[in-house]
Amino acid sequence: MISYEDVLDARERVAGVARHTPLEYSFAFSEMTDAEVYLKLENFQRTGAFKIRGAINRIETLSAEAQAAGVVTASAGNHAQGVALAATRAGVDSKIVMPEHAPVSKVKATERYGGEVVLHGTDYSEAQAEAHRIEREEGRTYVHAFDDEMVMAGQGTIGLEIVEDCPDVETVIVPIGGGGLISGIATAVKAHDPDVRVIGVQAEGASSAAESLRKGEIYERESVDTIADGIATRRIGDRTFEVIKERVDEVVTVDDESIAIALTYLLEREKALAEGAGAISLAALLSGDVEYEEGEVIVPALCGGNIDLNVLTTVVMRGLVATGRYLRFRTILKDQPGALVELGTIIAEHRANITAFHHDRTSRDVAMNDARVELEVETRGPDHVDELLSALRDEGYDVEIVNGYQMSV
């Protein structure tokens, strides 16, 4: 099993390539949670994620013969970039297998770092199977994304930075995909102080670690479904499972809506961009899935910021919807002059902003003298949505919410 000494040794190799990322106190999230929240901003790491740490530690510990033969790996994106950069820095040829639907931004970035990208399969597990085929046929060394002691040790250097920069830390919240990150961090943090809680968090649609702990054996999901593509793995590793059982205090799960809200708040309150897998540790804190005492010193690890812009648009919109900042609704108007003005006046009086609308008088399910309108409106929060919808209904409008916060009453 990975040891604290492994992590200390990894620090020397990692230091030449990876950055010591900031640990910043968050006034906004501390106020929101009544805790003392420090964000470990690993989304500012080279390649935009923590994976470079484990990749460089693994590649630099390979024999000269293994380095000459090249490496291969499978990844949803972040590990791909880490291996590509680490291999290029070490003068090692790298071949990276990524799922066919991997974000375009991550594919292009991996190629820019010098890796040869092979697109194969619908998810990480199928990409991994192809990578192992290449390993056998070409004699390359497979650099596992998480289930490798040297990879875990490299990721564990984040834990060393956390306890050095925040010696009073009481709880560290860490995303879990395959378990390499939390295995390394837990090893470092528990060696510093066994009483510090290490809490893992997974997306509900990729909750292999949580289910494995509940069952007492590794559980492999048939499929994964989450906006947090960086941790969308069917199963955790054999080695990481053993470390998690011994050194992780709890594993919780959160839904995609909570992840979208956290990502949106990070952008708005902290001006920090995170991908879904990076924001999930904060999501667990904001959603209440992690229990804590008032004033507790908590460090959510924001493990990555490589989010595809198309995905970002969707996720932010979901976050705005969930927090009552965006509303799309339909209603029926009389098809006569002034009807739309009357509706718009009510919306304006309640200080909501119409950003788009569609007017349809031709639908067969609308009366001949009526018209259906669909409006997109910017709102200020749940109370504002409730106020606006109540006003519209009080004026006789039959409002159908298409996309937006649902009234609490």
# chains A, B, ... in the order shown; residues from 1 in each chain; ligands from 1

$ residues_around --residues "range 251-257 of chain A" --least-positions-apart "5" --cutoff "10 Å" --atoms "only C-alpha atoms" --output "MDAnalysis selection string"
chainID A and resid 173:176 198:207 209:211 213:214 225:228 244 262:263 276 280:281 283:285 287:290 315 318:319 321:323

$ write_last_selection --atoms "N, CA and C atoms" --output "compact mmCIF listing (two decimals), in the first residue's frame"
# COMPACT_ATOMS: atom_id res chain seq x y z
N ILE A 173 -12.11 17.80 1.65
CA ILE A 173 -13.11 17.17 0.79
C ILE A 173 -12.48 16.97 -0.58
N VAL A 174 -12.54 15.73 -1.07
CA VAL A 174 -11.79 15.35 -2.27
C VAL A 174 -12.70 14.62 -3.25
N PRO A 175 -12.68 14.99 -4.53
CA PRO A 175 -13.44 14.25 -5.54
C PRO A 175 -12.89 12.84 -5.71
N ILE A 176 -13.77 11.92 -6.07
CA ILE A 176 -13.35 10.54 -6.35
C ILE A 176 -13.87 10.13 -7.72
N VAL A 198 -10.99 13.13 6.13
CA VAL A 198 -10.87 13.13 4.68
C VAL A 198 -12.16 12.55 4.13
N ILE A 199 -12.90 13.36 3.41
CA ILE A 199 -14.21 12.97 2.90
C ILE A 199 -14.17 12.95 1.39
N GLY A 200 -14.57 11.84 0.82
CA GLY A 200 -14.64 11.71 -0.63
C GLY A 200 -16.02 12.06 -1.13
N VAL A 201 -16.09 12.52 -2.37
CA VAL A 201 -17.38 12.86 -2.95
C VAL A 201 -17.43 12.39 -4.40
N GLN A 202 -18.55 11.79 -4.75
CA GLN A 202 -18.78 11.30 -6.11
C GLN A 202 -20.10 11.83 -6.64
N ALA A 203 -20.21 11.84 -7.96
CA ALA A 203 -21.49 12.15 -8.59
C ALA A 203 -22.42 10.95 -8.45
N GLU A 204 -23.71 11.22 -8.27
CA GLU A 204 -24.67 10.12 -8.14
C GLU A 204 -24.63 9.19 -9.34
N GLY A 205 -24.36 9.73 -10.51
CA GLY A 205 -24.34 8.91 -11.71
C GLY A 205 -23.05 8.16 -11.94
N ALA A 206 -22.13 8.23 -10.97
CA ALA A 206 -20.85 7.51 -11.09
C ALA A 206 -20.34 7.12 -9.71
N SER A 207 -21.25 6.58 -8.90
CA SER A 207 -20.97 6.37 -7.47
C SER A 207 -20.41 4.99 -7.18
N ALA A 209 -17.42 4.18 -5.78
CA ALA A 209 -16.73 4.09 -4.49
C ALA A 209 -17.73 4.00 -3.35
N ALA A 210 -18.76 4.84 -3.39
CA ALA A 210 -19.76 4.82 -2.33
C ALA A 210 -20.44 3.45 -2.25
N GLU A 211 -20.79 2.90 -3.41
CA GLU A 211 -21.43 1.58 -3.43
C GLU A 211 -20.46 0.49 -3.00
N LEU A 213 -17.99 0.73 -0.85
CA LEU A 213 -17.85 0.76 0.61
C LEU A 213 -19.08 0.18 1.28
N ARG A 214 -20.24 0.47 0.72
CA ARG A 214 -21.48 -0.04 1.31
C ARG A 214 -21.55 -1.56 1.20
N ASP A 225 -23.33 8.40 -15.76
CA ASP A 225 -24.12 9.50 -16.33
C ASP A 225 -23.99 10.71 -15.41
N THR A 226 -23.10 11.64 -15.76
CA THR A 226 -22.89 12.83 -14.95
C THR A 226 -22.22 13.91 -15.79
N ILE A 227 -22.44 15.16 -15.40
CA ILE A 227 -21.77 16.27 -16.06
C ILE A 227 -20.31 16.34 -15.63
N ALA A 228 -19.96 15.63 -14.57
CA ALA A 228 -18.58 15.62 -14.08
C ALA A 228 -17.79 14.54 -14.82
N ILE A 244 -8.74 3.65 0.40
CA ILE A 244 -9.95 4.36 0.78
C ILE A 244 -10.58 3.72 2.02
N ALA A 262 -22.64 24.72 -7.74
CA ALA A 262 -21.30 25.02 -7.21
C ALA A 262 -20.42 25.65 -8.26
N LEU A 263 -20.47 25.12 -9.48
CA LEU A 263 -19.65 25.67 -10.55
C LEU A 263 -20.06 27.11 -10.85
N GLY A 276 -16.78 20.16 -13.88
CA GLY A 276 -17.71 19.50 -12.96
C GLY A 276 -17.00 18.68 -11.89
N ILE A 280 -17.09 19.52 -7.65
CA ILE A 280 -17.94 18.60 -6.88
C ILE A 280 -17.62 18.60 -5.40
N SER A 281 -16.37 18.87 -5.02
CA SER A 281 -16.04 18.91 -3.60
C SER A 281 -16.74 20.08 -2.92
N ALA A 283 -19.51 21.38 -4.10
CA ALA A 283 -20.93 21.03 -4.19
C ALA A 283 -21.37 20.22 -2.97
N ALA A 284 -20.52 19.29 -2.53
CA ALA A 284 -20.87 18.46 -1.37
C ALA A 284 -21.01 19.30 -0.12
N LEU A 285 -20.19 20.35 -0.02
CA LEU A 285 -20.26 21.24 1.14
C LEU A 285 -21.50 22.12 1.08
N SER A 287 -24.28 21.72 -0.59
CA SER A 287 -25.55 20.99 -0.61
C SER A 287 -25.94 20.42 0.75
N GLY A 288 -25.01 20.43 1.70
CA GLY A 288 -25.30 19.88 3.01
C GLY A 288 -25.03 18.40 3.13
N ASP A 289 -24.46 17.79 2.09
CA ASP A 289 -24.18 16.36 2.15
C ASP A 289 -23.00 16.05 3.07
N VAL A 290 -22.19 17.05 3.37
CA VAL A 290 -21.10 16.89 4.33
C VAL A 290 -21.50 17.57 5.63
N VAL A 315 -23.91 23.89 -18.30
CA VAL A 315 -23.82 23.74 -16.86
C VAL A 315 -24.17 25.05 -16.15
N ARG A 318 -27.84 25.54 -16.20
CA ARG A 318 -28.51 24.71 -15.20
C ARG A 318 -28.33 25.29 -13.81
N GLY A 319 -27.17 25.86 -13.56
CA GLY A 319 -26.94 26.49 -12.27
C GLY A 319 -27.82 27.70 -12.07
N VAL A 321 -30.73 28.22 -13.49
CA VAL A 321 -32.09 27.73 -13.31
C VAL A 321 -32.31 27.28 -11.87
N ALA A 322 -31.37 26.49 -11.36
CA ALA A 322 -31.51 25.91 -10.02
C ALA A 322 -31.49 26.97 -8.93
N THR A 323 -30.82 28.09 -9.19
CA THR A 323 -30.74 29.15 -8.17
C THR A 323 -31.73 30.28 -8.42

$ select_by_dssp --residues "range 56-294 of chain A" --states "alpha helix (DSSP H)" --output "VMD selection string"
chain A and resid 56 to 60 64 to 69 78 to 90 104 to 112 124 to 138 149 to 165 180 to 192 208 to 215 238 to 247 256 to 265 276 to 286

$ closest_residue --among "A:Pro99, A:Gly115, A:Gly304, A:Gly396" --to "Val71 in chain A" --atoms "only C-alpha atoms"
A:Gly115

$ residues_around --residues "Thr379 in chain A" --least-positions-apart "6" --cutoff "6 Å" --atoms "only C-alpha atoms" --output "list in words"
Arg325, Tyr326 and Ala352 of chain A

$ write_last_selection --atoms "C-alpha atoms" --output "PDB file, in the first residue's frame"
ATOM      1  CA  ARG A 325     -31.713  33.301 -11.864  1.00  0.00           C
ATOM      2  CA  TYR A 326     -33.313  32.212 -15.141  1.00  0.00           C
ATOM      3  CA  ALA A 352     -37.446  40.994 -14.277  1.00  0.00           C
TER       4      ALA A 352
END

$ select_by_dssp --residues "range 187-392 of chain A" --states "strand (DSSP E or B)" --output "NGL selection string"
:A and (197-203 or 250-254 or 297-302 or 304 or 326-334 or 353-360 or 370-378)

$ write_last_selection --atoms "N, CA and C atoms" --output "short mmCIF file (atom, residue, chain, number, x, y, z; two decimals), in the first residue's frame"
data_model
loop_
_atom_site.label_atom_id
_atom_site.label_comp_id
_atom_site.auth_asym_id
_atom_site.auth_seq_id
_atom_site.Cartn_x
_atom_site.Cartn_y
_atom_site.Cartn_z
N ARG A 197 -10.37 14.92 9.11
CA ARG A 197 -11.29 14.11 8.31
C ARG A 197 -10.97 14.25 6.83
N VAL A 198 -10.99 13.13 6.13
CA VAL A 198 -10.87 13.13 4.68
C VAL A 198 -12.16 12.55 4.13
N ILE A 199 -12.90 13.36 3.41
CA ILE A 199 -14.21 12.97 2.90
C ILE A 199 -14.17 12.95 1.39
N GLY A 200 -14.57 11.84 0.82
CA GLY A 200 -14.64 11.71 -0.63
C GLY A 200 -16.02 12.06 -1.13
N VAL A 201 -16.09 12.52 -2.37
CA VAL A 201 -17.38 12.86 -2.95
C VAL A 201 -17.43 12.39 -4.40
N GLN A 202 -18.55 11.79 -4.75
CA GLN A 202 -18.78 11.30 -6.11
C GLN A 202 -20.10 11.83 -6.64
N ALA A 203 -20.21 11.84 -7.96
CA ALA A 203 -21.49 12.15 -8.59
C ALA A 203 -22.42 10.95 -8.45
N GLU A 250 -15.27 9.03 5.05
CA GLU A 250 -16.64 8.96 4.53
C GLU A 250 -16.64 9.28 3.06
N VAL A 251 -17.58 8.69 2.32
CA VAL A 251 -17.78 9.03 0.91
C VAL A 251 -19.25 9.41 0.74
N VAL A 252 -19.50 10.59 0.16
CA VAL A 252 -20.87 11.04 -0.08
C VAL A 252 -21.07 11.21 -1.58
N THR A 253 -22.31 11.33 -1.99
CA THR A 253 -22.64 11.55 -3.40
C THR A 253 -23.49 12.81 -3.53
N VAL A 254 -23.35 13.48 -4.67
CA VAL A 254 -24.17 14.66 -4.96
C VAL A 254 -24.73 14.55 -6.37
N VAL A 297 -12.70 24.29 10.03
CA VAL A 297 -11.80 24.64 8.94
C VAL A 297 -11.86 23.54 7.88
N ILE A 298 -12.37 23.89 6.72
CA ILE A 298 -12.66 22.91 5.67
C ILE A 298 -11.94 23.31 4.39
N VAL A 299 -11.31 22.32 3.74
CA VAL A 299 -10.63 22.56 2.47
C VAL A 299 -11.24 21.68 1.38
N PRO A 300 -12.08 22.24 0.52
CA PRO A 300 -12.51 21.50 -0.67
C PRO A 300 -11.41 21.59 -1.73
N ALA A 301 -11.02 20.46 -2.29
CA ALA A 301 -10.00 20.42 -3.33
C ALA A 301 -10.66 20.59 -4.69
N LEU A 302 -10.37 21.70 -5.36
CA LEU A 302 -10.89 21.94 -6.71
C LEU A 302 -9.89 21.35 -7.69
N GLY A 304 -9.71 20.40 -10.87
CA GLY A 304 -9.48 20.66 -12.27
C GLY A 304 -10.36 21.76 -12.83
N TYR A 326 -32.86 32.31 -13.75
CA TYR A 326 -33.31 32.21 -15.14
C TYR A 326 -34.65 31.48 -15.15
N LEU A 327 -35.56 31.98 -15.98
CA LEU A 327 -36.90 31.39 -16.07
C LEU A 327 -37.37 31.43 -17.51
N ARG A 328 -37.87 30.30 -18.00
CA ARG A 328 -38.52 30.27 -19.31
C ARG A 328 -39.92 29.72 -19.09
N PHE A 329 -40.91 30.44 -19.55
CA PHE A 329 -42.29 30.01 -19.32
C PHE A 329 -43.16 30.31 -20.53
N ARG A 330 -44.31 29.62 -20.60
CA ARG A 330 -45.31 29.83 -21.66
C ARG A 330 -46.61 30.30 -21.03
N THR A 331 -47.35 31.04 -21.80
CA THR A 331 -48.71 31.40 -21.41
C THR A 331 -49.51 31.72 -22.67
N ILE A 332 -50.80 31.87 -22.51
CA ILE A 332 -51.71 32.16 -23.63
C ILE A 332 -52.21 33.59 -23.51
N LEU A 333 -52.14 34.31 -24.63
CA LEU A 333 -52.63 35.68 -24.69
C LEU A 333 -53.77 35.78 -25.70
N LYS A 334 -54.63 36.76 -25.52
CA LYS A 334 -55.59 37.10 -26.55
C LYS A 334 -54.83 37.68 -27.75
N ASN A 353 -36.14 40.85 -16.30
CA ASN A 353 -35.68 41.30 -17.61
C ASN A 353 -35.95 40.23 -18.66
N ILE A 354 -36.74 40.58 -19.67
CA ILE A 354 -37.03 39.66 -20.77
C ILE A 354 -35.84 39.63 -21.72
N THR A 355 -35.27 38.45 -21.93
CA THR A 355 -34.11 38.32 -22.82
C THR A 355 -34.50 37.73 -24.18
N ALA A 356 -35.63 37.06 -24.27
CA ALA A 356 -36.07 36.49 -25.55
C ALA A 356 -37.54 36.11 -25.43
N PHE A 357 -38.24 36.13 -26.58
CA PHE A 357 -39.60 35.62 -26.57
C PHE A 357 -39.97 35.09 -27.95
N HIS A 358 -40.94 34.17 -27.95
CA HIS A 358 -41.44 33.58 -29.18
C HIS A 358 -42.97 33.67 -29.17
N HIS A 359 -43.52 34.16 -30.27
CA HIS A 359 -44.97 34.38 -30.38
C HIS A 359 -45.52 33.44 -31.45
N ASP A 360 -46.52 32.61 -31.07
CA ASP A 360 -47.05 31.61 -32.00
C ASP A 360 -48.58 31.65 -31.98
N ASP A 370 -56.54 33.27 -29.95
CA ASP A 370 -55.49 33.30 -28.94
C ASP A 370 -54.12 33.12 -29.60
N ALA A 371 -53.07 33.36 -28.81
CA ALA A 371 -51.69 33.13 -29.24
C ALA A 371 -50.88 32.63 -28.04
N ARG A 372 -49.98 31.72 -28.33
CA ARG A 372 -49.08 31.23 -27.27
C ARG A 372 -47.78 32.03 -27.34
N VAL A 373 -47.31 32.47 -26.19
CA VAL A 373 -46.01 33.15 -26.13
C VAL A 373 -45.11 32.38 -25.16
N GLU A 374 -43.84 32.35 -25.50
CA GLU A 374 -42.84 31.74 -24.63
C GLU A 374 -41.76 32.78 -24.39
N LEU A 375 -41.45 33.03 -23.12
CA LEU A 375 -40.51 34.08 -22.77
C LEU A 375 -39.36 33.53 -21.94
N GLU A 376 -38.18 34.09 -22.16
CA GLU A 376 -37.01 33.83 -21.31
C GLU A 376 -36.75 35.08 -20.49
N VAL A 377 -36.62 34.89 -19.18
CA VAL A 377 -36.56 36.03 -18.27
C VAL A 377 -35.41 35.86 -17.28
N GLU A 378 -34.65 36.93 -17.08
CA GLU A 378 -33.63 36.95 -16.03
C GLU A 378 -34.28 37.34 -14.71
#

$ atom_distance --atom1 "CA of Val37 in chain A" --atom2 "CA of Ser3 in chain A"
28.0 Å

$ residues_around --residues "Arg221 in chain A" --least-positions-apart "3" --cutoff "9 Å" --atoms "only C-alpha atoms" --output "JSON list (two decimals) with N, CA and C atoms, in the first residue's frame"
[["chain", "number", "residue", "atom", "x", "y", "z"],
["A", 206, "ALA", "N", -22.13, 8.23, -10.97],
["A", 206, "ALA", "CA", -20.85, 7.51, -11.09],
["A", 206, "ALA", "C", -20.34, 7.12, -9.71],
["A", 207, "SER", "N", -21.25, 6.58, -8.90],
["A", 207, "SER", "CA", -20.97, 6.37, -7.47],
["A", 207, "SER", "C", -20.41, 4.99, -7.18],
["A", 208, "SER", "N", -19.34, 4.60, -7.83],
["A", 208, "SER", "CA", -18.78, 3.27, -7.61],
["A", 208, "SER", "C", -18.12, 3.14, -6.25],
["A", 224, "VAL", "N", -22.18, 5.13, -16.65],
["A", 224, "VAL", "CA", -22.06, 6.36, -15.86],
["A", 224, "VAL", "C", -22.82, 7.47, -16.56],
["A", 233, "THR", "N", -16.17, 7.30, -13.95],
["A", 233, "THR", "CA", -15.62, 5.96, -14.09],
["A", 233, "THR", "C", -16.61, 4.93, -13.55],
["A", 234, "ARG", "N", -16.63, 3.76, -14.17],
["A", 234, "ARG", "CA", -17.56, 2.71, -13.74],
["A", 234, "ARG", "C", -17.17, 2.08, -12.41],
["A", 235, "ARG", "N", -15.85, 2.06, -12.13],
["A", 235, "ARG", "CA", -15.40, 1.40, -10.90],
["A", 235, "ARG", "C", -14.14, 2.10, -10.40]]

$ closest_residue --among "A:Tyr124, A:Tyr265, A:Tyr142, A:Tyr292" --to "Gly230 in chain A" --atoms "only C-alpha atoms"
A:Tyr124

$ residues_around --residues "range 54-59 of chain A" --least-positions-apart "4" --cutoff "10 Å" --atoms "only C-alpha atoms" --output "PyMOL selection string"
chain A and resi 7+9-18+50+63+66-67+70-71+79-87+89-90+92+141+143-146+148-157+180-181+184

$ closest_residue --among "A:Val248, A:Ile231, A:Ala272, A:Ala35" --to "Thr187 in chain A" --atoms "only C-alpha atoms"
A:Val248

$ atom_distance --atom1 "CA of Ala74 in chain A" --atom2 "CA of Gly48 in chain A"
17.8 Å

$ closest_residue --among "A:Arg140, A:His192, A:Lys271, A:His350" --to "Leu62 in chain A" --atoms "only C-alpha atoms"
A:Arg140

$ residues_around --residues "Lys106 in chain A" --least-positions-apart "5" --cutoff "8 Å" --atoms "only C-alpha atoms" --output "PyMOL selection string"
chain A and resi 77-78+81+306+308

$ write_last_selection --atoms "N, CA and C atoms" --output "compact mmCIF listing (two decimals), in the first residue's frame"
# COMPACT_ATOMS: atom_id res chain seq x y z
N GLY A 77 -9.65 12.76 -20.12
CA GLY A 77 -9.14 14.06 -20.53
C GLY A 77 -8.00 14.62 -19.71
N ASN A 78 -8.16 14.72 -18.40
CA ASN A 78 -7.14 15.36 -17.58
C ASN A 78 -5.88 14.51 -17.44
N GLN A 81 -3.81 14.71 -20.60
CA GLN A 81 -2.94 15.88 -20.72
C GLN A 81 -1.73 15.76 -19.81
N ASN A 306 -10.61 22.09 -16.54
CA ASN A 306 -10.67 21.86 -17.99
C ASN A 306 -12.09 21.51 -18.43
N ASP A 308 -15.10 22.00 -21.30
CA ASP A 308 -15.41 22.38 -22.66
C ASP A 308 -16.39 23.56 -22.64

$ residues_around --residues "range 22-26 of chain A" --least-positions-apart "3" --cutoff "8 Å" --atoms "only C-alpha atoms" --output "list in words"
Phe29, Ser30, Glu36, Val37, Tyr38, Leu39, Lys40, Leu41, Glu42, Phe44, Ile162, Asp165, Cys166 and Glu270 of chain A

$ write_last_selection --atoms "N, CA and C atoms" --output "PDB file, in the first residue's frame"
ATOM      1  N   PHE A  29     -17.867  31.679   0.536  1.00  0.00           N
ATOM      2  CA  PHE A  29     -18.343  30.356   0.923  1.00  0.00           C
ATOM      3  C   PHE A  29     -18.274  30.135   2.428  1.00  0.00           C
ATOM      4  N   SER A  30     -17.381  30.848   3.109  1.00  0.00           N
ATOM      5  CA  SER A  30     -17.359  30.776   4.567  1.00  0.00           C
ATOM      6  C   SER A  30     -18.642  31.383   5.131  1.00  0.00           C
ATOM      7  N   GLU A  36     -15.102  27.797   8.092  1.00  0.00           N
ATOM      8  CA  GLU A  36     -13.927  28.496   7.583  1.00  0.00           C
ATOM      9  C   GLU A  36     -13.447  27.718   6.356  1.00  0.00           C
ATOM     10  N   VAL A  37     -13.760  28.226   5.180  1.00  0.00           N
ATOM     11  CA  VAL A  37     -13.553  27.484   3.938  1.00  0.00           C
ATOM     12  C   VAL A  37     -12.332  28.016   3.197  1.00  0.00           C
ATOM     13  N   TYR A  38     -11.399  27.115   2.927  1.00  0.00           N
ATOM     14  CA  TYR A  38     -10.225  27.425   2.125  1.00  0.00           C
ATOM     15  C   TYR A  38     -10.279  26.564   0.857  1.00  0.00           C
ATOM     16  N   LEU A  39     -10.137  27.171  -0.297  1.00  0.00           N
ATOM     17  CA  LEU A  39     -10.205  26.449  -1.562  1.00  0.00           C
ATOM     18  C   LEU A  39      -8.803  26.078  -2.026  1.00  0.00           C
ATOM     19  N   LYS A  40      -8.579  24.787  -2.248  1.00  0.00           N
ATOM     20  CA  LYS A  40      -7.315  24.343  -2.837  1.00  0.00           C
ATOM     21  C   LYS A  40      -7.472  24.423  -4.345  1.00  0.00           C
ATOM     22  N   LEU A  41      -6.824  25.425  -4.954  1.00  0.00           N
ATOM     23  CA  LEU A  41      -7.077  25.779  -6.345  1.00  0.00           C
ATOM     24  C   LEU A  41      -6.179  24.990  -7.291  1.00  0.00           C
ATOM     25  N   GLU A  42      -6.403  23.694  -7.332  1.00  0.00           N
ATOM     26  CA  GLU A  42      -5.628  22.847  -8.235  1.00  0.00           C
ATOM     27  C   GLU A  42      -6.080  23.017  -9.678  1.00  0.00           C
ATOM     28  N   PHE A  44      -5.703  25.653 -11.068  1.00  0.00           N
ATOM     29  CA  PHE A  44      -4.662  26.546 -11.589  1.00  0.00           C
ATOM     30  C   PHE A  44      -3.375  25.795 -11.926  1.00  0.00           C
ATOM     31  N   ILE A 162      -1.589  21.112   1.249  1.00  0.00           N
ATOM     32  CA  ILE A 162      -2.739  21.528   2.062  1.00  0.00           C
ATOM     33  C   ILE A 162      -2.351  21.665   3.522  1.00  0.00           C
ATOM     34  N   ASP A 165       0.098  24.636   4.051  1.00  0.00           N
ATOM     35  CA  ASP A 165      -0.484  25.966   3.874  1.00  0.00           C
ATOM     36  C   ASP A 165      -1.646  26.234   4.834  1.00  0.00           C
ATOM     37  N   CYS A 166      -2.256  25.173   5.363  1.00  0.00           N
ATOM     38  CA  CYS A 166      -3.383  25.313   6.290  1.00  0.00           C
ATOM     39  C   CYS A 166      -3.223  24.285   7.410  1.00  0.00           C
ATOM     40  N   GLU A 270     -16.115  33.669  -6.772  1.00  0.00           N
ATOM     41  CA  GLU A 270     -14.659  33.572  -6.632  1.00  0.00           C
ATOM     42  C   GLU A 270     -13.905  33.869  -7.925  1.00  0.00           C
TER      43      GLU A 270
END

$ closest_residue --among "A:Glu342, A:Glu294, A:Glu275, A:Glu395" --to "Leu312 in chain A" --atoms "only C-alpha atoms"
A:Glu275

$ atom_distance --atom1 "CA of Glu137 in chain A" --atom2 "CA of Ala64 in chain A"
19.6 Å

$ decode --residues "range 157-168 of chain A" --atoms "N, CA and C atoms" --output "compact mmCIF listing (two decimals), in the first residue's frame"
# COMPACT_ATOMS: atom_id res chain seq x y z
N THR A 157 0.95 14.70 -3.25
CA THR A 157 1.68 15.94 -2.96
C THR A 157 0.73 17.12 -2.75
N ILE A 158 -0.49 17.01 -3.25
CA ILE A 158 -1.51 18.03 -2.96
C ILE A 158 -1.80 18.05 -1.47
N GLY A 159 -1.89 16.87 -0.87
CA GLY A 159 -2.14 16.78 0.56
C GLY A 159 -1.03 17.42 1.37
N LEU A 160 0.23 17.24 0.93
CA LEU A 160 1.34 17.89 1.62
C LEU A 160 1.20 19.40 1.58
N GLU A 161 0.79 19.92 0.43
CA GLU A 161 0.63 21.37 0.29
C GLU A 161 -0.51 21.88 1.17
N ILE A 162 -1.59 21.11 1.25
CA ILE A 162 -2.74 21.53 2.06
C ILE A 162 -2.35 21.67 3.52
N VAL A 163 -1.70 20.65 4.09
CA VAL A 163 -1.38 20.69 5.52
C VAL A 163 -0.28 21.70 5.82
N GLU A 164 0.58 21.99 4.85
CA GLU A 164 1.61 23.01 5.05
C GLU A 164 1.01 24.41 4.99
N ASP A 165 0.10 24.64 4.05
CA ASP A 165 -0.48 25.97 3.87
C ASP A 165 -1.65 26.23 4.83
N CYS A 166 -2.26 25.17 5.36
CA CYS A 166 -3.38 25.31 6.29
C CYS A 166 -3.22 24.28 7.41
N PRO A 167 -2.26 24.51 8.31
CA PRO A 167 -1.98 23.51 9.35
C PRO A 167 -3.14 23.23 10.30
N ASP A 168 -4.12 24.13 10.37
CA ASP A 168 -5.27 23.95 11.26
C ASP A 168 -6.44 23.25 10.58
